[in-house]
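Notes for the one structure printed next.
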Amino acid sequence: MSSQLEKVKELIDFRAQARLGGGEKAIEKQHAQGKHAVRERINMLVDEGSFEELDMFVKHRCTNFGMDKKQFLGDGVVTGYGTIEGRLVYLFAQDFTVIGGSLSETMSAKICKVMDLAMQMGAPLIGLNDSGGARIQEGVNALAGYSEIFQRNILASGVVPQISGIFGPCAGGAVYSPALTDFVIMAKGISYMFLTGPKVVKTVTGEDVTQEQLGGAEVHATRSGVTHFVVENDRSGIELIRKLLGFLPQNNLEEPPIRENDDPIDRLEDSLNEIIPDSPNKPYDMYEVIGLIIDKGEFLEVHADFAKNIIVGFARMNGRPVGIVANQPKTLAGVLDINASRKAARFVRFCDAFNIPLVTLVDVPGFLPGTGQEYGGVITHGAKLLYAYGEATVPKVTVTLRKSYGGAHIVMSCKQLRGDMNYAWPTAEIAVMGGAGAVEVLYAKEAKESDDPAKVLSEKEDEYTKTFANPYNAAQYGYIDDVIEPRNTRFRVIRALQQLSTKKQVNPPKKHDNLPL
């Protein structure tokens with residue numbers, strides 16, 4: 001065999017060695033835990049044959065604690081680029097079979113390289129996390145490596161979409177990279193995120209808590225809101241990443257991808273003419289309204305299990321991606337609270353950053369009252385949503401279905417927050433507050449002085465409701481652009497979005513804003 005062929009064979013052997021990561025036994029252990037190996041995940045994520053790996057032969061440089069005897073090609077992370085439905089993406093995927101996927105200085109350098117490339121090429125960045133955290137043997141060098149990654153997450157924010165799949169542990173400082181990205185996906189039973197683990201919690205607070213209770217997928221989906229999506233396993237998580245990217249542009253300078261649409265834009269939905277109950281206190285399901293007005297009822301909900309009194313997610317209208325924000329009367333009567341405000345504000349800002357028009361469906365009686373909300377800073381958190389809508393320059397179409405009262409009316413993309421087209425159904429009630437509350441303020445003295453206070457208040461409530469709790473009072477001032485027939489909502493929204501497709505609006509020059517955090 002010639003020396004050249006020997007060198008080619010050596011290369012092939014090195015590649016085979018690198019692809020095995022921590023070895024076949026370690027890969028079998030991953031499988032036994034219900035997890036796929038790192039390269040299996042990548043093959044599921046990108047188009048077949050499209051992945052180009054970078055830095056396959058990188059090794060760590062640590063010699064402390066016998067680490068010079070623990071050398072693996074690739075050093076615990078696979079990085080590179082490929083395509084998803086023909087569109088370029090950059091990715092890194094941590095390999096738990098190599099020293100628990102722990103982050104070293106060289107591993108960080110690999111990740112930073114693809115992050116820099118994603119920014120330079122204007123393509124989405126996907127991170128698949130499965131790591132025990134910082135490589136303790138490397139000390140401050142590992143921490144510096146995390147910091148380098150975080151700095152790039154910050155600079156990439158609002159420039160290219162960033163998606164994090166948590167398909168194993170993600171602990172300590174490692175959690176901040178996913179937290180800085182646009183979307184976090186966790187899988188039941190295999191994903192954990194926490195800053196301090198159960199042992200530290202026990203030592204410091206005396207609290208007994210399991211990994212699942214402290215930082216499992218369900219906890220972060222329902223209580224903290226840290227994760228946007230919960231999936232059954234890493235395979236379904238990867239399928240979700242592919243689906244999510246279908247709604248997003250490559251970067252902040254491009255438009256979202258348009259797909260062919262065979263769902264008629266003038267499809268009438270007669271059931272919408274009767275969906276609002278006669279009683280103003282009776283709920284209905286906003287998911288039904290969303291499903292009937294979007295293309296083929298296909299809705300990708302974000303944060304589905306968190307703050308269920310507001311709904312956010314992606315859909316298409318005439319083939320064009322839109323962001324949907326909608327109050328949900330079935331949960332807490334659709335009121336806004338701290339978590340709903342945070343959830344919706346983040347979603348609105350994402351859509352605005354990536355040129356995705358916003359469609360807002362309003363049925364909100366106000367903000368949730370009580371000391372718990374006030375002490376928790378509902379004023380500041382509610383202002384986040386107000387700020388997000390007022391700052392947004394993408395096309396904004398608002399439809400008020402029923403209640404729109406007080407400060408909550410303002411916050412939900414009203415005309416004065418630069419709503420482009422504001423429609424209302426005939427059932428809309430747009431006022432400072434509901435009739436019962438209003439007459440108690442306006443006619444308290446008159447009622448008290450009468451022989452029948454309840455009768456006076458009842459009559460005045462009917463009068464107030466007739467005068468103010470309707471869409472025409474707002475329409476006469478131009479705050480509502482038109483009162484529309486509910487069954488015609490899909491057509492009217494799509495026509496509005498078509499005429500807004502060339503919208504140009506620029507905010508005043510500034511270094512950056514100072515939104516109420």
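How things are named: the first chain in the structure tokens is A, the next is B, and so on; residues count from 1 in each chain; ligands count from 1 in the order shown.
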Please list as a ChimeraX atom specification every residue within 12 Å of A:Phe247, counting only C-alpha atoms and excluding residues in the same chain fewer than 2 positions away.
/A:85,161,240-245,249-251,255-259,298-301,313-317,319-323,351,354-357
Hey, what's within 10 Å of A:Thr222 if we count only C-alpha atoms and toss same-chain stuff fewer than 3 positions away? As a list in words, please?
Ala217, Glu218, Val219, Gly225, Val226, Thr227, His228, Val230, His303, Ala304, Asp305, Phe306, Ala307 and Lys308 of chain A
What lies within 10 Å of A:Asp234 using only C-alpha atoms, ignoring chain neighbours under 6 positions off, as an mmCIF file with C-alpha atoms, in the first residue's frame?
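The resulting file, selection.cif, is shown below:
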data_model
loop_
_atom_site.group_PDB
_atom_site.id
_atom_site.type_symbol
_atom_site.label_atom_id
_atom_site.label_comp_id
_atom_site.auth_asym_id
_atom_site.auth_seq_id
_atom_site.Cartn_x
_atom_site.Cartn_y
_atom_site.Cartn_z
ATOM 1 C CA GLY A 34 -34.682 6.750 25.835
ATOM 2 C CA LYS A 35 -32.244 9.139 24.183
ATOM 3 C CA HIS A 36 -30.772 9.089 20.697
ATOM 4 C CA ARG A 41 -30.271 13.455 16.305
ATOM 5 C CA MET A 44 -33.166 13.419 12.013
ATOM 6 C CA LEU A 128 -29.142 20.508 20.968
ATOM 7 C CA GLY A 165 -33.525 21.642 22.171
ATOM 8 C CA ILE A 166 -32.929 20.371 25.726
ATOM 9 C CA PHE A 167 -32.595 16.611 25.308
ATOM 10 C CA GLY A 168 -30.811 15.721 28.521
ATOM 11 C CA ILE A 185 -37.937 22.737 23.700
ATOM 12 C CA MET A 186 -37.851 20.115 26.460
ATOM 13 C CA ALA A 187 -38.655 16.397 26.349
ATOM 14 C CA LYS A 188 -40.578 14.610 29.091
ATOM 15 C CA ILE A 190 -35.106 13.152 29.870
ATOM 16 C CA SER A 191 -34.792 16.963 30.059
ATOM 17 C CA LEU A 240 -40.972 20.245 16.055
#
Residue contacts of A:Gly76 (7 Å, only C-alpha atoms) excluding same-chain residues fewer than 4 positions away, as number ranges by chain:
A: 94-96, 98, 101, 107
Using only C-alpha atoms, determine which residues lie at most 12 Å from A:Ala144, disregarding the query and same-chain residues fewer than 4 positions distant; provide the list as a ChimeraX atom specification.
/A:103-109,112,134-135,138-140,148-151,173-174
Output file for the residues above (N, CA and C atoms, as a PDB file, in the first residue's frame):
ATOM      1  N   LEU A 103     -18.763  20.942  29.272  1.00  0.00           N
ATOM      2  CA  LEU A 103     -18.204  21.974  28.399  1.00  0.00           C
ATOM      3  C   LEU A 103     -16.769  22.308  28.769  1.00  0.00           C
ATOM      4  N   SER A 104     -15.898  22.215  27.787  1.00  0.00           N
ATOM      5  CA  SER A 104     -14.496  22.585  27.927  1.00  0.00           C
ATOM      6  C   SER A 104     -14.241  23.864  27.130  1.00  0.00           C
ATOM      7  N   GLU A 105     -13.034  24.379  27.271  1.00  0.00           N
ATOM      8  CA  GLU A 105     -12.649  25.579  26.519  1.00  0.00           C
ATOM      9  C   GLU A 105     -12.699  25.306  25.012  1.00  0.00           C
ATOM     10  N   THR A 106     -12.182  24.160  24.592  1.00  0.00           N
ATOM     11  CA  THR A 106     -12.155  23.856  23.154  1.00  0.00           C
ATOM     12  C   THR A 106     -13.557  23.559  22.618  1.00  0.00           C
ATOM     13  N   MET A 107     -14.389  22.935  23.445  1.00  0.00           N
ATOM     14  CA  MET A 107     -15.774  22.680  23.050  1.00  0.00           C
ATOM     15  C   MET A 107     -16.498  24.007  22.813  1.00  0.00           C
ATOM     16  N   SER A 108     -16.255  24.974  23.681  1.00  0.00           N
ATOM     17  CA  SER A 108     -16.838  26.304  23.521  1.00  0.00           C
ATOM     18  C   SER A 108     -16.378  26.946  22.216  1.00  0.00           C
ATOM     19  N   ALA A 109     -15.094  26.791  21.906  1.00  0.00           N
ATOM     20  CA  ALA A 109     -14.559  27.386  20.675  1.00  0.00           C
ATOM     21  C   ALA A 109     -15.249  26.800  19.441  1.00  0.00           C
ATOM     22  N   CYS A 112     -18.746  28.392  19.345  1.00  0.00           N
ATOM     23  CA  CYS A 112     -18.655  29.803  18.953  1.00  0.00           C
ATOM     24  C   CYS A 112     -18.382  29.954  17.464  1.00  0.00           C
ATOM     25  N   ALA A 134     -20.449  22.559  33.221  1.00  0.00           N
ATOM     26  CA  ALA A 134     -19.048  22.932  33.000  1.00  0.00           C
ATOM     27  C   ALA A 134     -18.120  21.765  33.353  1.00  0.00           C
ATOM     28  N   ARG A 135     -17.045  21.631  32.601  1.00  0.00           N
ATOM     29  CA  ARG A 135     -16.043  20.605  32.892  1.00  0.00           C
ATOM     30  C   ARG A 135     -15.205  21.097  34.068  1.00  0.00           C
ATOM     31  N   GLU A 138     -11.464  21.860  34.228  1.00  0.00           N
ATOM     32  CA  GLU A 138     -10.879  23.008  33.520  1.00  0.00           C
ATOM     33  C   GLU A 138     -11.106  24.328  34.253  1.00  0.00           C
ATOM     34  N   GLY A 139     -11.866  24.283  35.340  1.00  0.00           N
ATOM     35  CA  GLY A 139     -12.024  25.464  36.175  1.00  0.00           C
ATOM     36  C   GLY A 139     -12.534  26.673  35.423  1.00  0.00           C
ATOM     37  N   VAL A 140     -11.856  27.797  35.609  1.00  0.00           N
ATOM     38  CA  VAL A 140     -12.333  29.066  35.063  1.00  0.00           C
ATOM     39  C   VAL A 140     -12.334  29.079  33.536  1.00  0.00           C
ATOM     40  N   GLU A 148     -18.295  33.150  26.490  1.00  0.00           N
ATOM     41  CA  GLU A 148     -18.123  33.422  25.053  1.00  0.00           C
ATOM     42  C   GLU A 148     -19.388  33.049  24.283  1.00  0.00           C
ATOM     43  N   ILE A 149     -19.992  31.924  24.668  1.00  0.00           N
ATOM     44  CA  ILE A 149     -21.230  31.487  24.006  1.00  0.00           C
ATOM     45  C   ILE A 149     -22.358  32.468  24.296  1.00  0.00           C
ATOM     46  N   PHE A 150     -22.491  32.860  25.580  1.00  0.00           N
ATOM     47  CA  PHE A 150     -23.581  33.766  25.959  1.00  0.00           C
ATOM     48  C   PHE A 150     -23.475  35.098  25.219  1.00  0.00           C
ATOM     49  N   GLN A 151     -22.246  35.606  25.096  1.00  0.00           N
ATOM     50  CA  GLN A 151     -22.064  36.886  24.401  1.00  0.00           C
ATOM     51  C   GLN A 151     -22.566  36.788  22.960  1.00  0.00           C
ATOM     52  N   GLY A 173     -24.584  27.153  35.057  1.00  0.00           N
ATOM     53  CA  GLY A 173     -24.477  28.256  34.102  1.00  0.00           C
ATOM     54  C   GLY A 173     -24.907  27.890  32.700  1.00  0.00           C
ATOM     55  N   ALA A 174     -24.909  26.584  32.389  1.00  0.00           N
ATOM     56  CA  ALA A 174     -25.291  26.128  31.048  1.00  0.00           C
ATOM     57  C   ALA A 174     -26.698  26.565  30.667  1.00  0.00           C
TER      58      ALA A 174
END
Using only C-alpha atoms, which residues sit within 12 Å of A:Ala123 once same-chain residues fewer than 2 positions away are excluded, as an mmCIF file with N, CA and C atoms, in the first residue's frame?
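Dumped everything to around-v8.cif:
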data_model
loop_
_atom_site.group_PDB
_atom_site.id
_atom_site.type_symbol
_atom_site.label_atom_id
_atom_site.label_comp_id
_atom_site.auth_asym_id
_atom_site.auth_seq_id
_atom_site.Cartn_x
_atom_site.Cartn_y
_atom_site.Cartn_z
ATOM 1 N N TYR A 81 -23.009 22.535 9.647
ATOM 2 C CA TYR A 81 -24.149 23.164 8.985
ATOM 3 C C TYR A 81 -24.817 22.168 8.048
ATOM 4 N N GLY A 82 -26.063 22.449 7.728
ATOM 5 C CA GLY A 82 -26.826 21.599 6.820
ATOM 6 C C GLY A 82 -28.031 22.367 6.336
ATOM 7 N N THR A 83 -29.003 21.673 5.799
ATOM 8 C CA THR A 83 -30.225 22.334 5.352
ATOM 9 C C THR A 83 -31.446 21.659 5.971
ATOM 10 N N ILE A 84 -32.493 22.456 6.173
ATOM 11 C CA ILE A 84 -33.799 21.960 6.588
ATOM 12 C C ILE A 84 -34.804 22.461 5.561
ATOM 13 N N ARG A 87 -33.189 24.905 3.284
ATOM 14 C CA ARG A 87 -32.718 26.191 3.804
ATOM 15 C C ARG A 87 -31.549 25.978 4.764
ATOM 16 N N LEU A 88 -30.522 26.812 4.641
ATOM 17 C CA LEU A 88 -29.300 26.683 5.431
ATOM 18 C C LEU A 88 -29.561 26.891 6.922
ATOM 19 N N VAL A 89 -28.988 26.012 7.759
ATOM 20 C CA VAL A 89 -28.990 26.197 9.209
ATOM 21 C C VAL A 89 -27.624 25.815 9.751
ATOM 22 N N TYR A 90 -27.254 26.424 10.881
ATOM 23 C CA TYR A 90 -26.039 26.038 11.599
ATOM 24 C C TYR A 90 -26.466 25.374 12.901
ATOM 25 N N LEU A 91 -25.646 24.441 13.374
ATOM 26 C CA LEU A 91 -26.060 23.718 14.569
ATOM 27 C C LEU A 91 -24.876 23.214 15.370
ATOM 28 N N VAL A 114 -19.492 28.082 14.944
ATOM 29 C CA VAL A 114 -20.719 27.968 14.146
ATOM 30 C C VAL A 114 -21.688 29.119 14.470
ATOM 31 N N MET A 115 -21.625 29.644 15.683
ATOM 32 C CA MET A 115 -22.447 30.809 15.998
ATOM 33 C C MET A 115 -22.015 32.021 15.176
ATOM 34 N N ASP A 116 -20.712 32.205 15.052
ATOM 35 C CA ASP A 116 -20.186 33.305 14.232
ATOM 36 C C ASP A 116 -20.576 33.127 12.767
ATOM 37 N N LEU A 117 -20.508 31.890 12.283
ATOM 38 C CA LEU A 117 -20.884 31.619 10.892
ATOM 39 C C LEU A 117 -22.367 31.894 10.664
ATOM 40 N N ALA A 118 -23.208 31.505 11.619
ATOM 41 C CA ALA A 118 -24.649 31.747 11.492
ATOM 42 C C ALA A 118 -24.935 33.235 11.360
ATOM 43 N N MET A 119 -24.227 34.041 12.128
ATOM 44 C CA MET A 119 -24.407 35.492 12.054
ATOM 45 C C MET A 119 -23.909 36.043 10.720
ATOM 46 N N GLN A 120 -22.753 35.566 10.281
ATOM 47 C CA GLN A 120 -22.169 36.074 9.034
ATOM 48 C C GLN A 120 -23.007 35.698 7.816
ATOM 49 N N MET A 121 -23.598 34.505 7.841
ATOM 50 C CA MET A 121 -24.369 34.027 6.697
ATOM 51 C C MET A 121 -25.858 34.359 6.823
ATOM 52 N N LEU A 125 -29.751 29.374 13.989
ATOM 53 C CA LEU A 125 -28.817 28.612 14.811
ATOM 54 C C LEU A 125 -29.615 27.674 15.714
ATOM 55 N N ILE A 126 -29.256 26.399 15.695
ATOM 56 C CA ILE A 126 -29.946 25.388 16.501
ATOM 57 C C ILE A 126 -28.937 24.750 17.444
ATOM 58 N N ALA A 156 -26.584 37.744 18.629
ATOM 59 C CA ALA A 156 -27.406 37.125 17.581
ATOM 60 C C ALA A 156 -28.897 37.360 17.801
ATOM 61 N N GLY A 158 -32.417 38.598 17.807
ATOM 62 C CA GLY A 158 -33.099 39.509 16.894
ATOM 63 C C GLY A 158 -32.441 39.625 15.537
ATOM 64 N N VAL A 159 -31.351 38.895 15.319
ATOM 65 C CA VAL A 159 -30.657 38.918 14.011
ATOM 66 C C VAL A 159 -30.915 37.617 13.257
ATOM 67 N N VAL A 160 -30.696 36.481 13.931
ATOM 68 C CA VAL A 160 -31.056 35.176 13.356
ATOM 69 C C VAL A 160 -31.879 34.418 14.388
ATOM 70 N N PRO A 161 -32.827 33.598 13.950
ATOM 71 C CA PRO A 161 -33.577 32.781 14.911
ATOM 72 C C PRO A 161 -32.647 31.819 15.642
ATOM 73 N N GLN A 162 -32.857 31.680 16.964
ATOM 74 C CA GLN A 162 -32.064 30.757 17.775
ATOM 75 C C GLN A 162 -33.024 29.805 18.497
ATOM 76 N N ILE A 163 -32.798 28.515 18.321
ATOM 77 C CA ILE A 163 -33.677 27.501 18.896
ATOM 78 C C ILE A 163 -32.838 26.524 19.711
ATOM 79 N N LEU A 245 -39.297 26.091 12.190
ATOM 80 C CA LEU A 245 -38.487 26.862 11.237
ATOM 81 C C LEU A 245 -39.270 27.198 9.970
ATOM 82 N N LEU A 248 -40.478 30.711 10.065
ATOM 83 C CA LEU A 248 -39.519 31.778 10.371
ATOM 84 C C LEU A 248 -38.651 32.135 9.168
ATOM 85 N N PRO A 249 -38.262 33.411 9.060
ATOM 86 C CA PRO A 249 -37.312 33.793 8.016
ATOM 87 C C PRO A 249 -35.903 33.340 8.393
ATOM 88 N N GLN A 250 -34.984 33.426 7.447
ATOM 89 C CA GLN A 250 -33.604 33.068 7.735
ATOM 90 C C GLN A 250 -32.977 34.042 8.729
ATOM 91 N N ASN A 251 -33.348 35.315 8.610
ATOM 92 C CA ASN A 251 -32.760 36.347 9.462
ATOM 93 C C ASN A 251 -33.687 37.557 9.506
ATOM 94 N N ASN A 252 -33.264 38.600 10.203
ATOM 95 C CA ASN A 252 -34.132 39.763 10.424
ATOM 96 C C ASN A 252 -34.292 40.651 9.197
ATOM 97 N N LEU A 253 -33.523 40.402 8.147
ATOM 98 C CA LEU A 253 -33.629 41.220 6.935
ATOM 99 C C LEU A 253 -34.481 40.548 5.868
ATOM 100 N N GLU A 254 -34.947 39.332 6.148
ATOM 101 C CA GLU A 254 -35.740 38.591 5.165
ATOM 102 C C GLU A 254 -37.181 38.437 5.642
#
Members of stretch 332-491 of chain A assigned strand (DSSP E or B) by DSSP, as a compact mmCIF listing (two decimals) with N, CA and C atoms, in the first residue's frame:
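Saved result, out39.txt, follows:
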# COMPACT_ATOMS: atom_id res chain seq x y z
N LEU A 336 -55.88 39.53 31.84
CA LEU A 336 -54.43 39.61 31.77
C LEU A 336 -53.86 39.57 33.19
N LEU A 358 -48.70 40.51 13.00
CA LEU A 358 -49.42 40.11 14.21
C LEU A 358 -50.92 40.24 14.02
N VAL A 359 -51.62 39.18 14.36
CA VAL A 359 -53.09 39.19 14.37
C VAL A 359 -53.53 39.00 15.81
N THR A 360 -54.24 39.98 16.36
CA THR A 360 -54.63 39.97 17.77
C THR A 360 -56.14 39.84 17.89
N LEU A 361 -56.59 38.84 18.63
CA LEU A 361 -58.01 38.59 18.86
C LEU A 361 -58.32 38.94 20.32
N VAL A 362 -59.20 39.91 20.51
CA VAL A 362 -59.38 40.51 21.83
C VAL A 362 -60.72 40.12 22.46
N ASP A 363 -60.64 39.61 23.69
CA ASP A 363 -61.80 39.46 24.55
C ASP A 363 -61.27 39.49 25.97
N VAL A 364 -61.07 40.69 26.51
CA VAL A 364 -60.37 40.84 27.78
C VAL A 364 -61.16 41.76 28.71
N PHE A 367 -57.36 43.52 33.92
CA PHE A 367 -56.24 42.86 34.58
C PHE A 367 -56.73 42.16 35.84
N LYS A 396 -50.01 45.04 11.93
CA LYS A 396 -50.77 44.63 13.12
C LYS A 396 -52.26 44.77 12.82
N VAL A 397 -52.96 43.63 12.88
CA VAL A 397 -54.41 43.62 12.66
C VAL A 397 -55.06 43.12 13.94
N THR A 398 -56.00 43.91 14.47
CA THR A 398 -56.65 43.59 15.72
C THR A 398 -58.14 43.40 15.49
N VAL A 399 -58.70 42.34 16.06
CA VAL A 399 -60.14 42.10 15.99
C VAL A 399 -60.68 41.95 17.41
N THR A 400 -61.60 42.83 17.80
CA THR A 400 -62.22 42.75 19.12
C THR A 400 -63.51 41.96 19.00
N LEU A 401 -63.59 40.83 19.70
CA LEU A 401 -64.73 39.94 19.59
C LEU A 401 -65.82 40.28 20.60
N ARG A 402 -65.40 40.56 21.82
CA ARG A 402 -66.38 40.83 22.87
C ARG A 402 -65.82 41.92 23.78
N LYS A 403 -65.36 41.59 24.96
CA LYS A 403 -64.96 42.61 25.93
C LYS A 403 -63.58 43.21 25.61
N SER A 404 -63.47 44.49 25.83
CA SER A 404 -62.19 45.18 25.73
C SER A 404 -62.27 46.38 26.66
N TYR A 405 -61.88 46.17 27.91
CA TYR A 405 -62.12 47.15 28.96
C TYR A 405 -60.83 47.77 29.49
N MET A 421 -54.88 48.03 11.38
CA MET A 421 -56.29 47.84 11.08
C MET A 421 -56.95 47.24 12.32
N ASN A 422 -57.89 47.98 12.88
CA ASN A 422 -58.59 47.54 14.08
C ASN A 422 -60.06 47.31 13.75
N TYR A 423 -60.45 46.04 13.80
CA TYR A 423 -61.83 45.66 13.50
C TYR A 423 -62.55 45.26 14.79
N ALA A 424 -63.86 45.23 14.73
CA ALA A 424 -64.66 44.74 15.86
C ALA A 424 -65.85 43.97 15.33
N GLU A 429 -67.63 45.00 23.14
CA GLU A 429 -67.93 45.96 24.20
C GLU A 429 -66.63 46.69 24.54
N ILE A 430 -66.48 47.90 24.03
CA ILE A 430 -65.24 48.65 24.22
C ILE A 430 -65.54 49.84 25.13
N ALA A 431 -64.99 49.79 26.35
CA ALA A 431 -65.32 50.84 27.32
C ALA A 431 -64.25 50.87 28.41
N ASP A 482 -63.50 49.37 11.25
CA ASP A 482 -64.75 48.86 10.71
C ASP A 482 -65.34 47.83 11.66
N VAL A 483 -66.64 47.76 11.68
CA VAL A 483 -67.35 46.68 12.39
C VAL A 483 -67.68 45.63 11.35
Residues of stretch 106-164 of chain A in helix (DSSP H, G or I) according to DSSP, as a PyMOL selection string?
chain A and resi 106-121+136-138+140-156
Output of the above residues as a tab-separated table (two decimals), in the first residue's frame, restricted to C-alpha atoms:
chain	number	residue	atom	x	y	z
A	106	THR	CA	-12.16	23.86	23.15
A	107	MET	CA	-15.77	22.68	23.05
A	108	SER	CA	-16.84	26.30	23.52
A	109	ALA	CA	-14.56	27.39	20.67
A	110	LYS	CA	-16.27	24.87	18.37
A	111	ILE	CA	-19.72	26.16	19.32
A	112	CYS	CA	-18.65	29.80	18.95
A	113	LYS	CA	-17.33	29.11	15.46
A	114	VAL	CA	-20.72	27.97	14.15
A	115	MET	CA	-22.45	30.81	16.00
A	116	ASP	CA	-20.19	33.31	14.23
A	117	LEU	CA	-20.88	31.62	10.89
A	118	ALA	CA	-24.65	31.75	11.49
A	119	MET	CA	-24.41	35.49	12.05
A	120	GLN	CA	-22.17	36.07	9.03
A	121	MET	CA	-24.37	34.03	6.70
A	136	ILE	CA	-14.89	21.06	36.48
A	137	GLN	CA	-11.35	19.90	35.69
A	138	GLU	CA	-10.88	23.01	33.52
A	140	VAL	CA	-12.33	29.07	35.06
A	141	ASN	CA	-11.53	28.17	31.44
A	142	ALA	CA	-14.86	26.34	31.22
A	143	LEU	CA	-16.65	29.36	32.68
A	144	ALA	CA	-14.93	31.60	30.15
A	145	GLY	CA	-16.13	29.24	27.45
A	146	TYR	CA	-19.74	29.63	28.57
A	147	SER	CA	-19.35	33.40	28.65
A	148	GLU	CA	-18.12	33.42	25.05
A	149	ILE	CA	-21.23	31.49	24.01
A	150	PHE	CA	-23.58	33.77	25.96
A	151	GLN	CA	-22.06	36.89	24.40
A	152	ARG	CA	-22.79	35.48	20.94
A	153	ASN	CA	-26.36	34.53	21.95
A	154	ILE	CA	-26.87	38.16	22.94
A	155	LEU	CA	-25.45	39.60	19.72
A	156	ALA	CA	-27.41	37.13	17.58
Neighbouring residues of stretch 209-216 of chain A were defined as those with any atom within 6 Å, considering only C-alpha atoms; residues of the same chain fewer than 5 positions away were excluded. Please report them as a VMD selection string.
chain A and resid 192 to 194 198
Given the selection you just returned, output its residues as a file containing C-alpha atoms, formatted as a short mmCIF file (atom, residue, chain, number, x, y, z; two decimals), in the first residue's frame.
data_model
loop_
_atom_site.label_atom_id
_atom_site.label_comp_id
_atom_site.auth_asym_id
_atom_site.auth_seq_id
_atom_site.Cartn_x
_atom_site.Cartn_y
_atom_site.Cartn_z
CA TYR A 192 -33.77 18.91 33.16
CA MET A 193 -32.90 22.58 33.62
CA PHE A 194 -31.86 24.17 36.90
CA PRO A 198 -31.27 18.87 44.24
#
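Of the listed residues A:Lys504, A:Lys384, A:Gly189, A:Leu195, the one whose atoms come nearest to A:Glu232 is A:Gly189, with distances taken using only C-alpha atoms.
For the set A:Asn318, A:Asn233, A:Gln499, A:Thr427, the residue with the smallest atom-to-atom gap to A:Asp262 is A:Asn318, counting only C-alpha atoms.
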Hey, can you check how far atom CA of A:Val325 sits from atom CA of A:Phe347?
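Rounded to one decimal, the two atoms are 8.4 Å apart.
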To one decimal in Å, tell me the separation between atom CA of A:Gly132 and atom CA of A:Cys170.
6.4 Å
Which of these, A:Asp352, A:Asp285, A:Glu260, A:Asp270, has the shortest distance to A:Arg490 once you count only C-alpha atoms?
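Using only C-alpha atoms, A:Arg490 sits closest to A:Asp270.
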